[in-house]
>>> print(open('data-v8.cif').read())   # mmCIF, C-alpha atoms
data_start
#
loop_
_atom_site.label_atom_id
_atom_site.label_comp_id
_atom_site.auth_asym_id
_atom_site.auth_seq_id
_atom_site.Cartn_x
_atom_site.Cartn_y
_atom_site.Cartn_z
CA MET P 1112 -32.03 15.94 1.17
CA GLU P 1113 -34.10 14.92 -1.84
CA THR P 1114 -33.11 11.81 -3.77
CA LEU P 1115 -33.42 12.22 -7.51
CA LEU P 1116 -34.39 9.17 -9.54
CA SER P 1117 -31.39 6.92 -10.11
CA PRO P 1118 -31.02 5.75 -13.72
CA SER P 1119 -29.60 2.35 -12.73
CA GLY P 1120 -29.97 1.79 -9.02
CA ASP P 1121 -29.60 -1.98 -9.30
CA PHE P 1122 -26.09 -1.93 -10.81
CA LEU P 1123 -24.38 -3.48 -7.80
CA ARG P 1124 -27.22 -5.92 -7.19
CA LYS P 1125 -26.94 -7.21 -10.76
CA LYS P 1126 -23.15 -7.40 -10.44
CA ALA P 1127 -23.48 -9.45 -7.25
CA GLN P 1128 -26.03 -11.78 -8.82
CA ARG P 1129 -23.90 -12.25 -11.94
CA SER P 1130 -20.77 -12.98 -9.92
CA LEU P 1131 -22.59 -15.47 -7.70
CA ALA P 1132 -24.09 -17.24 -10.72
CA ILE P 1133 -20.67 -17.59 -12.40
CA ALA P 1134 -19.13 -18.82 -9.15
CA VAL P 1135 -21.84 -21.50 -8.81
CA ILE P 1136 -21.34 -22.61 -12.42
CA CYS P 1137 -17.58 -22.92 -11.81
CA GLU P 1138 -18.19 -24.95 -8.65
CA ILE P 1139 -20.54 -27.28 -10.53
CA ALA P 1140 -17.90 -27.67 -13.26
CA VAL P 1141 -15.32 -28.66 -10.64
CA LEU P 1142 -17.69 -31.22 -9.18
CA LEU P 1143 -18.53 -32.73 -12.57
CA ILE P 1144 -14.87 -32.99 -13.58
CA VAL P 1145 -13.95 -34.70 -10.33
CA VAL P 1146 -16.90 -37.11 -10.50
CA LEU P 1147 -16.43 -38.01 -14.17
CA SER P 1148 -12.70 -38.52 -13.82
CA SER P 1149 -13.21 -40.88 -10.87
CA TYR P 1150 -14.67 -43.71 -12.94
CA PRO P 1151 -12.06 -46.00 -14.59
CA ARG P 1152 -14.34 -46.89 -17.50
CA LEU P 1153 -14.65 -43.31 -18.64
CA PRO P 1154 -12.18 -41.99 -21.27
CA VAL P 1155 -11.20 -39.10 -19.01
CA HIS P 1156 -9.63 -41.47 -16.51
CA ALA P 1157 -5.96 -42.40 -16.50
CA TRP P 1158 -3.88 -44.60 -14.19
CA LEU P 1159 -0.18 -43.98 -13.71
CA GLY P 1160 1.31 -46.43 -11.24
CA ASN P 1161 0.23 -45.65 -7.71
CA PHE P 1162 -0.88 -42.15 -8.65
CA ASP P 1163 -4.40 -41.86 -9.99
CA THR P 1164 -3.94 -38.86 -12.26
CA THR P 1165 -6.85 -37.78 -14.44
CA LEU P 1166 -8.14 -34.88 -16.40
CA ALA P 1167 -9.46 -33.74 -13.04
CA VAL P 1168 -6.38 -31.54 -13.03
CA THR P 1169 -8.41 -29.34 -15.35
CA ALA P 1170 -10.63 -28.64 -12.36
CA ILE P 1171 -7.99 -26.12 -11.30
CA ILE P 1172 -9.29 -23.64 -13.88
CA PRO P 1173 -12.96 -23.57 -12.78
CA ALA P 1174 -11.80 -23.76 -9.14
CA LEU P 1175 -9.84 -20.55 -9.63
CA GLY P 1176 -12.87 -19.06 -11.36
CA ALA P 1177 -15.09 -20.01 -8.43
CA TYR P 1178 -12.66 -18.40 -5.98
CA HIS P 1179 -12.37 -15.23 -8.08
CA TYR P 1180 -16.10 -14.68 -8.58
CA ASN P 1181 -16.92 -15.58 -4.98
CA HIS P 1182 -14.46 -12.87 -3.98
CA ILE P 1183 -16.16 -10.35 -6.31
CA TYR P 1184 -19.57 -11.37 -4.92
CA ARG P 1185 -18.51 -10.85 -1.30
CA ARG P 1186 -16.81 -7.54 -2.11
CA THR P 1187 -19.86 -6.31 -4.03
CA LYS P 1188 -22.21 -7.25 -1.19
CA GLN P 1189 -19.91 -5.40 1.18
CA GLY P 1190 -19.97 -2.40 -1.13
CA MET P 1191 -23.77 -2.43 -1.16
CA LYS P 1192 -23.83 -2.28 2.64
CA GLY P 1193 -21.41 0.65 2.56
CA GLU P 1194 -23.47 2.54 0.00
CA LYS P 1195 -26.64 2.02 2.05
CA ARG P 1196 -24.82 3.38 5.09
CA VAL P 1197 -23.75 6.48 3.17
CA ILE P 1198 -27.24 7.10 1.77
CA GLU P 1199 -28.85 6.90 5.21
CA PHE P 1200 -26.17 9.18 6.65
CA LEU P 1201 -26.54 11.83 3.95
CA LYS P 1202 -30.33 11.87 4.18
CA SER P 1203 -30.16 12.41 7.92
CA LYS P 1204 -27.65 15.27 7.75
CA PHE P 1205 -28.60 17.49 4.81
CA ASN P 1206 -31.61 19.73 4.25
CA ASP P 1207 -33.75 20.09 1.13
CA SER P 1208 -31.28 22.41 -0.59
CA TYR P 1209 -29.10 19.37 -1.37
CA PHE P 1210 -29.91 16.62 -3.86
CA LEU P 1211 -28.64 13.05 -4.07
CA ILE P 1212 -28.30 10.70 -7.04
CA ASN P 1213 -27.19 7.11 -6.37
CA ASN P 1214 -25.58 4.47 -8.57
CA VAL P 1215 -25.11 6.37 -11.82
CA VAL P 1216 -23.77 4.07 -14.53
CA TYR P 1217 -21.90 5.41 -17.54
CA VAL P 1218 -19.57 4.15 -20.27
CA ASN P 1219 -16.01 5.48 -20.12
CA GLU P 1220 -13.75 6.37 -23.04
CA ARG P 1221 -12.52 2.75 -23.23
CA GLY P 1222 -16.06 1.46 -23.64
CA HIS P 1223 -16.25 -0.02 -20.12
CA LYS P 1224 -19.11 0.51 -17.70
CA GLU P 1225 -18.34 2.57 -14.62
CA ASN P 1226 -20.47 3.17 -11.54
CA ILE P 1227 -20.63 6.42 -9.57
CA ASP P 1228 -21.78 5.48 -6.09
CA HIS P 1229 -23.26 8.87 -5.17
CA ILE P 1230 -23.52 12.36 -6.61
CA VAL P 1231 -24.35 15.20 -4.23
CA LEU P 1232 -25.59 18.44 -5.75
CA GLY P 1233 -25.59 21.35 -3.34
CA PRO P 1234 -25.78 25.13 -3.54
CA ASN P 1235 -22.05 25.31 -2.79
CA GLY P 1236 -20.86 22.64 -5.21
CA ILE P 1237 -21.21 19.24 -6.89
CA PHE P 1238 -19.52 16.16 -5.47
CA ALA P 1239 -18.81 12.71 -6.95
CA LEU P 1240 -18.48 10.22 -4.09
CA GLU P 1241 -16.57 6.95 -4.38
CA THR P 1242 -17.60 4.77 -1.44
CA LYS P 1243 -15.36 2.10 0.11
CA ASP P 1244 -16.46 -0.09 3.00
CA TYR P 1245 -13.11 -1.61 3.96
CA SER P 1246 -11.90 -1.87 7.52
CA GLY P 1247 -8.39 -1.95 8.97
CA ARG P 1248 -5.50 0.36 8.22
CA ILE P 1249 -5.59 2.02 4.80
CA THR P 1250 -2.72 4.19 3.62
CA CYS P 1251 -2.61 6.74 0.82
CA ARG P 1252 0.28 9.00 -0.20
CA LYS P 1253 -0.73 11.36 -3.01
CA GLY P 1254 -2.25 8.96 -5.60
CA TYR P 1255 -0.55 5.82 -4.31
CA TRP P 1256 -2.55 3.44 -2.15
CA GLY P 1257 -0.28 1.11 -0.24
CA VAL P 1258 -0.66 -2.31 1.29
CA PRO P 1259 -2.88 -3.56 2.85
CA TYR P 1260 -5.37 -1.84 0.55
CA PRO P 1261 -7.26 -4.60 -1.36
CA TYR P 1262 -6.31 -5.22 -4.95
CA GLY P 1263 -8.09 -3.17 -7.55
CA ARG P 1264 -8.14 0.26 -9.15
CA SER P 1265 -6.96 3.27 -7.21
CA PRO P 1266 -9.94 4.91 -5.46
CA SER P 1267 -8.38 8.28 -6.30
CA SER P 1268 -8.44 7.45 -10.02
CA GLN P 1269 -12.01 6.19 -9.76
CA ALA P 1270 -13.18 9.35 -8.01
CA LYS P 1271 -11.39 11.67 -10.46
CA GLY P 1272 -12.74 9.79 -13.48
CA ASN P 1273 -16.27 9.90 -12.09
CA ALA P 1274 -16.03 13.62 -11.33
CA ALA P 1275 -14.78 14.32 -14.86
CA TRP P 1276 -17.73 12.44 -16.34
CA VAL P 1277 -20.22 14.36 -14.17
CA LYS P 1278 -18.73 17.69 -15.26
CA ASN P 1279 -18.87 16.69 -18.94
CA ALA P 1280 -22.40 15.35 -18.55
CA ILE P 1281 -23.67 18.63 -17.07
CA ASN P 1282 -21.89 20.57 -19.83
CA ASP P 1283 -22.59 23.95 -18.29
CA PRO P 1284 -19.98 26.75 -18.44
CA ARG P 1285 -20.92 27.72 -14.90
CA VAL P 1286 -19.68 24.31 -13.67
CA THR P 1287 -15.90 24.51 -13.87
CA TRP P 1288 -15.18 21.78 -11.34
CA VAL P 1289 -16.81 18.73 -9.76
CA GLU P 1290 -15.21 17.70 -6.49
CA PRO P 1291 -14.09 14.03 -6.29
CA VAL P 1292 -14.34 12.52 -2.80
CA VAL P 1293 -13.39 9.04 -1.54
CA VAL P 1294 -15.55 8.07 1.44
CA PHE P 1295 -14.73 5.18 3.78
CA SER P 1296 -18.03 4.13 5.31
CA ASN P 1297 -16.83 1.38 7.66
CA PRO P 1298 -16.41 2.75 11.21
CA ASP P 1299 -13.53 0.30 11.81
CA VAL P 1300 -11.28 1.84 9.17
CA GLU P 1301 -8.06 3.61 10.11
CA LEU P 1302 -6.78 6.09 7.53
CA GLU P 1303 -3.27 7.35 7.01
CA VAL P 1304 -3.49 10.04 4.34
CA ILE P 1305 -0.52 12.14 3.19
CA ASP P 1306 -0.94 14.90 0.58
CA PRO P 1307 -3.80 13.13 -1.28
CA GLU P 1308 -4.79 13.90 -4.86
CA VAL P 1309 -8.48 13.95 -3.90
CA GLU P 1310 -10.47 14.47 -0.73
CA ILE P 1311 -10.39 11.31 1.42
CA VAL P 1312 -12.66 11.15 4.45
CA LYS P 1313 -14.37 8.86 6.90
CA LEU P 1314 -18.15 8.88 6.85
CA ASN P 1315 -18.42 11.01 9.99
CA GLU P 1316 -16.25 13.65 8.30
CA LEU P 1317 -18.27 13.80 5.09
CA VAL P 1318 -20.71 16.54 6.11
CA ASP P 1319 -17.94 18.95 7.06
CA SER P 1320 -16.08 18.09 3.86
CA ILE P 1321 -19.09 18.97 1.70
CA THR P 1322 -20.42 22.00 3.57
CA SER P 1323 -16.99 23.61 3.95
CA TYR P 1324 -16.47 23.65 0.18
CA LYS P 1325 -16.91 27.14 -1.23
CA GLY P 1326 -17.11 27.14 -4.99
CA TYR P 1327 -20.61 27.98 -6.22
CA ASP P 1328 -23.95 29.49 -5.33
CA PHE P 1329 -26.48 27.38 -7.23
CA SER P 1330 -30.22 27.71 -6.82
CA ILE P 1331 -32.49 24.74 -6.16
CA ASP P 1332 -33.92 24.97 -9.67
CA GLN P 1333 -30.44 24.94 -11.20
CA LEU P 1334 -29.51 21.88 -9.15
CA LYS P 1335 -32.65 20.01 -10.25
CA ILE P 1336 -31.93 20.79 -13.89
CA MET P 1337 -28.33 19.58 -13.59
CA GLY P 1338 -29.43 16.44 -11.75
CA ASN P 1339 -31.93 15.55 -14.45
CA VAL P 1340 -29.28 16.17 -17.13
CA ILE P 1341 -26.94 13.71 -15.37
CA ILE P 1342 -29.67 11.08 -15.25
CA ARG P 1343 -30.60 11.52 -18.93
CA LYS P 1344 -26.95 11.35 -20.03
CA SER P 1345 -26.44 8.16 -18.03
CA GLN P 1346 -29.54 6.55 -19.53
CA ARG P 1347 -28.44 7.57 -23.02
CA THR P 1348 -25.01 5.97 -22.70
CA LEU P 1349 -26.60 2.68 -21.64
CA ASN P 1350 -29.09 2.50 -24.49
#
>>> encode(input="data-v8.cif", output="structure tokens")
Amino acid sequence: METLLSPSGDFLRKKAQRSLAIAVICEIAVLLIVVLSSYPRLPVHAWLGNFDTTLAVTAIIPALGAYHYNHIYRRTKQGMKGEKRVIEFLKSKFNDSYFLINNVVYVNERGHKENIDHIVLGPNGIFALETKDYSGRITCRKGYWGVPYPYGRSPSSQAKGNAAWVKNAINDPRVTWVEPVVVFSNPDVELEVIDPEVEIVKLNELVDSITSYKGYDFSIDQLKIMGNVIIRKSQRTLN
């Protein structure tokens, strides 16, 4: 499997760095508020009977911010490990008739940046992969993801939105459908899937899921052209 040049391969790395930086700033803000409000001579200090109440109560806001961005940082780092696992797996299983693009960033119709973890272009079809690295029991009934799935957007919606963008980016009448796939890369995951809206697989099931799809008969040259179109469109939306 050949890896085509990714237009923005450091998307998750930058997101992790940004989240960590904000978390550190929030933690420093908490520390400063607590320290400053601990000195009686400072105007931020107040004494009410036996209870030393101060403007340190405002530390709750940056404390919540620190918790939130630390959570995003840990989740993003986990996602990076999952994506690396998927990349290594795909490269070891597919021959040179398949092409891989990683971490494609685009701007959706609401003006927000989205990230497509992996795009696989093969002679039999094109696949937009949404990678999740969660462990434990994950349930999905049609488009509904139940507890204990972590808070956030539905992986089904993410995969379908990404597939729609890929199809529009290619803009070729021969491409009538891009297959959305949600891939759980953590070997400790347990899936309960009932009548899903999109393909949902564990990593060890991904090869069969892709190779069993019968939709197209693209040549290698056609796949390279489409891959380069995807990359150019992604770069254009970010400029």
>>> closest_residue(input="data-v8.cif", among="P:Phe1295, P:Tyr1255, P:Trp1288, P:Tyr1180", to="Ser1267 of chain P", atoms="only C-alpha atoms")
P:Tyr1255
>>> residues_around(input="data-v8.cif", residues="Val1312 of chain P", least_positions_apart="2", cutoff="12 Å", atoms="all atoms listed in the file", output="VMD selection string")
chain P and resid 1240 to 1244 1249 1251 1267 1291 to 1298 1300 to 1304 1307 1309 to 1310 1314 to 1321
>>> closest_residue(input="data-v8.cif", among="P:Lys1204, P:Arg1248, P:Arg1347, P:Arg1196", to="Asp1228 of chain P", atoms="only C-alpha atoms")
P:Arg1196
>>> resolve_selection(input="data-v8.cif", expression="the PyMOL selection byres ((chain P and resi 1337) around 12)", output="VMD selection string")
chain P and resid 1115 1210 to 1212 1230 to 1234 1236 to 1237 1277 to 1283 1285 to 1286 1329 to 1336 1338 to 1344
>>> closest_residue(input="data-v8.cif", among="P:Gln1269, P:Gly1176, P:Tyr1327, P:Gln1346", to="Thr1287 of chain P", atoms="only C-alpha atoms")
P:Tyr1327
>>> atom_distance(input="data-v8.cif", atom1="atom CA of Met1112 of chain P", atom2="atom CA of Phe1238 of chain P")
14.2 Å
>>> atom_distance(input="data-v8.cif", atom1="atom CA of Gly1247 of chain P", atom2="atom CA of Glu1194 of chain P")
18.1 Å
>>> atom_distance(input="data-v8.cif", atom1="atom CA of Ser1265 of chain P", atom2="atom CA of Tyr1245 of chain P")
13.7 Å
>>> resolve_selection(input="data-v8.cif", expression="the PyMOL selection byres ((chain P and resi 1138) around 12)", output="PyMOL selection string")
chain P and resi 1131-1137+1139-1145+1170-1181
